[in-house]
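The next block holds one structure in the form of structure tokens; read it before the comments.
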Amino acid sequence: MKNKSLLLSLLSFSLLIILWAVFTHFGNFSDQVFPSPILVLNSAIELFNNGTLLQHVVASLYRVTVGFYLAVLLGIPLGIMLGRMTLVRQLVNPIIQFLRPISPLAWIPLAMLWFGIGDKPAIFLIFLSSFFPLVVATTMAVSSINPVYFHVASNFNFSQQEIIKKVIIPAILPEVLTALRLTIAIAWLVVVAAEMIAVQSGLGYLILDARNALRMDIVMVGMIVIGMIGVMLDLIMLRLAAIDSIAWNKES
Amino acid sequence: MGRILIQDVAKRYLNRRYNERTNDAHTTKKTITVLEHVSLEFQDGEMVCILGPSGCGKSTLLRMVAGFESATSGKILIDDQPVIEPSSDYIFVFQHNGLLPWMTVWENVELGLRHLNNEQEKTDTIQEYIDMVELEGFESYYPHQLSGGMQRRAELARAIVVNPELLIMDEPFSGLDFLTHLKMREEVVNMHQFIKKTIVVVTHDIDDALVMADRVVVMGNAPNNVVLDRKLDFPHPRNIEKVDGLRELRDELYLMLGVNYAV
Ligand SMILES: Nc1ncnc2c1ncn2[C@@H]1O[C@H](COP(=O)(O)OP(=O)(O)O)[C@@H](O)[C@H]1O
Ligand SMILES: [Mg+2]
């Protein structure tokens, strides 16, 4: 079953590439507008061999990782607190609900003013893009925990620390992982945009720089690598969510 | 030990649908009285079965005995001590999802023994109780990988491994198929004769009460919450069909709950 779906996705990608090749071969496009797959492949190999590609990938992944970790480190504890304390939630929630729909990209001017150029503003934007969805999802998950589990905890004399470690965190983990999966996808979208403004490295910069040089083949290499890494990040999150002790809520 | 004294207990909840401008009977009152003037006494080591229609406050009473909630007025004493908070001396067996679903059978049974320092003793005890409820081989299974009956047995093992003074069971057989229900019932009776602790069971099944109980309590809606409180003095094993007293009581209970046994 699994092999079959793998085979089918390989097939659909092969078809796409063939279609692309046929299209560029018979269509009358200049390489500057619509490069052929062979050209893109050659550029990819060249970028890979001289190390630029890896350098940009590492730069982007570094920013996403730092921004995302900061968001997880601050957002999940805040979400747990809000989920447990009704009064604090009613105080803080309106602000979060208000800030949440503001696209991280709208923060670009402020981010550059506050953090200058370089990694910091990009990391800040990624943090923002992940932080609010994570707080909201965690708060929701905590406040919807079945009260029976808290009864069990008090019945067996759990300490406050045990309630957090043995009840709240495992109880919210499936929902939080779903949220993490969504947010890392958003963070990955945002990093490319952020790298087009304030930095001299990363896949976003690679694409922008290639556009300025009218090298659409390199633009496409950037896009393809972004797509591949996005799929990879998603697969890692899916893997995590399938672990038995985490996915306690799945159907038997 | 495990003597329970319930003295003139009342429980009122705030009416979530309260709205003084309507005339609907459900919305005009600020509070809903679930229990009123409830006085009961259960002896040490007794198996008490509580029957009663849905919504009459059986679970509410059990939650108060376990210390999860407090009474609006009146007193609940266990062994002459007022119940203030939950304690692992009084273990509650829940109707649904009582096992912590992110822990294996072993980890769930371990909950009550987690402060034990002697690892060998801990391991042996956990294994002994898992074997007792016939779950050997399933120690590393998660609740969602077990059948309903196995989940209840695991929860039972988790409850009795701490040797509680009192076991409180809220509809422990609901949702089980017919044969699993009968087997679980037999196991609870056997276990009771073995541990000799007080057990309070809420059930919807009149036969459960007749077969299991040393005392049957029938509850109704407030303000008449205690409709019947009777001691049953029949030896085990009990066969309802063969004991006149049980058959008569069955007819009486059916009538009391407002249905006919013969149709
Ligand atoms: N936390 C609560 N807040 C408001 N009403 C409640 C609450 N818990 C129970 N009730 C009400 O108390 C009544 C008795 O409930 P319950 O004790 O669960 O009945 P039973 O277990 O006998 O079916 C029901 O009408 C229910 O709606
Ligand atoms: Mg109930």
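Starting from 1 in every chain, residues are counted up; chains themselves are A, B, ... following the order of the structure tokens, and ligands are numbered from 1 as listed.
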
For this session: Please return, as a PyMOL selection string, all residues of chain B lying within 12 Å of chain A when only C-alpha atoms are considered.
Result: chain B and resi 63-69+85-105+107-115+140-148+155+158-159+161-162+164+167-168

Exercise. Got a sec to check which residues lie within 9 Å of ligand 2, using only C-alpha atoms and all ligand atoms, and send them as a list in words?
Worked result: Ser54, Gly55, Cys56, Gly57, Lys58, Ser59, Thr60, Leu62, Gln95, Asp170, Glu171, Val202 and Thr203 of chain B

How would the residues just picked look written out with N, CA, C and O atoms as a PDB file, in the first residue's frame?
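Now in result-v8.pdb:
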ATOM      1  N   SER B  54     -31.654   8.156  35.414  1.00  0.00           N
ATOM      2  CA  SER B  54     -30.612   9.088  34.966  1.00  0.00           C
ATOM      3  C   SER B  54     -30.921  10.498  35.450  1.00  0.00           C
ATOM      4  O   SER B  54     -32.070  10.921  35.434  1.00  0.00           O
ATOM      5  N   GLY B  55     -29.901  11.187  35.876  1.00  0.00           N
ATOM      6  CA  GLY B  55     -30.068  12.592  36.242  1.00  0.00           C
ATOM      7  C   GLY B  55     -30.539  12.819  37.665  1.00  0.00           C
ATOM      8  O   GLY B  55     -30.763  13.959  38.061  1.00  0.00           O
ATOM      9  N   CYS B  56     -30.672  11.759  38.465  1.00  0.00           N
ATOM     10  CA  CYS B  56     -31.174  11.964  39.821  1.00  0.00           C
ATOM     11  C   CYS B  56     -30.057  12.318  40.794  1.00  0.00           C
ATOM     12  O   CYS B  56     -30.307  12.589  41.961  1.00  0.00           O
ATOM     13  N   GLY B  57     -28.828  12.296  40.335  1.00  0.00           N
ATOM     14  CA  GLY B  57     -27.748  12.785  41.197  1.00  0.00           C
ATOM     15  C   GLY B  57     -26.834  11.706  41.743  1.00  0.00           C
ATOM     16  O   GLY B  57     -26.060  11.959  42.670  1.00  0.00           O
ATOM     17  N   LYS B  58     -26.850  10.521  41.145  1.00  0.00           N
ATOM     18  CA  LYS B  58     -26.000   9.425  41.632  1.00  0.00           C
ATOM     19  C   LYS B  58     -24.522   9.773  41.486  1.00  0.00           C
ATOM     20  O   LYS B  58     -23.742   9.658  42.440  1.00  0.00           O
ATOM     21  N   SER B  59     -24.142  10.218  40.279  1.00  0.00           N
ATOM     22  CA  SER B  59     -22.731  10.561  40.058  1.00  0.00           C
ATOM     23  C   SER B  59     -22.321  11.727  40.947  1.00  0.00           C
ATOM     24  O   SER B  59     -21.209  11.759  41.481  1.00  0.00           O
ATOM     25  N   THR B  60     -23.208  12.685  41.103  1.00  0.00           N
ATOM     26  CA  THR B  60     -22.919  13.838  41.952  1.00  0.00           C
ATOM     27  C   THR B  60     -22.600  13.379  43.373  1.00  0.00           C
ATOM     28  O   THR B  60     -21.619  13.818  43.985  1.00  0.00           O
ATOM     29  N   LEU B  62     -21.527  10.426  44.326  1.00  0.00           N
ATOM     30  CA  LEU B  62     -20.235   9.726  44.340  1.00  0.00           C
ATOM     31  C   LEU B  62     -19.067  10.700  44.287  1.00  0.00           C
ATOM     32  O   LEU B  62     -18.070  10.532  44.983  1.00  0.00           O
ATOM     33  N   GLN B  95     -16.637   6.047  34.738  1.00  0.00           N
ATOM     34  CA  GLN B  95     -17.531   5.431  33.758  1.00  0.00           C
ATOM     35  C   GLN B  95     -16.848   5.344  32.389  1.00  0.00           C
ATOM     36  O   GLN B  95     -16.927   4.329  31.716  1.00  0.00           O
ATOM     37  N   ASP B 170     -18.566   4.249  39.293  1.00  0.00           N
ATOM     38  CA  ASP B 170     -19.718   4.865  38.633  1.00  0.00           C
ATOM     39  C   ASP B 170     -20.017   4.119  37.334  1.00  0.00           C
ATOM     40  O   ASP B 170     -19.300   4.255  36.353  1.00  0.00           O
ATOM     41  N   GLU B 171     -21.086   3.358  37.361  1.00  0.00           N
ATOM     42  CA  GLU B 171     -21.494   2.557  36.194  1.00  0.00           C
ATOM     43  C   GLU B 171     -20.323   1.824  35.555  1.00  0.00           C
ATOM     44  O   GLU B 171     -20.024   2.019  34.371  1.00  0.00           O
ATOM     45  N   VAL B 202     -22.508   2.385  41.393  1.00  0.00           N
ATOM     46  CA  VAL B 202     -23.736   2.833  40.737  1.00  0.00           C
ATOM     47  C   VAL B 202     -23.956   1.950  39.529  1.00  0.00           C
ATOM     48  O   VAL B 202     -23.019   1.666  38.773  1.00  0.00           O
ATOM     49  N   THR B 203     -25.176   1.462  39.362  1.00  0.00           N
ATOM     50  CA  THR B 203     -25.465   0.624  38.197  1.00  0.00           C
ATOM     51  C   THR B 203     -26.882   0.894  37.720  1.00  0.00           C
ATOM     52  O   THR B 203     -27.723   1.390  38.470  1.00  0.00           O
TER      53      THR B 203
END

Exercise. Between B:Arg12, B:Lys183, B:Arg3, B:Arg238, which has the minimum distance to ligand 1 (counting only C-alpha atoms and all ligand atoms)?
Worked result: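 Closest to ligand 1 of all the choices is B:Arg12.
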
Problem set entry | Shell around Val33 (chain A) at 12 Å using only C-alpha atoms, local window under 5 positions removed, as a list in words | Thr24, Gly27, Asn28, Arg211, Leu214, Arg215, Met216, Asp217, Ile218, Val219 and Met220 of chain A

Problem set entry | Close residues, His56 (chain A) itself excluded, 12 Å, only C-alpha atoms, min 6 positions apart in chain, as a PyMOL selection string | chain A and resi 47-48+50+62-63+191-192+195+199-207+209+221-222+225-226
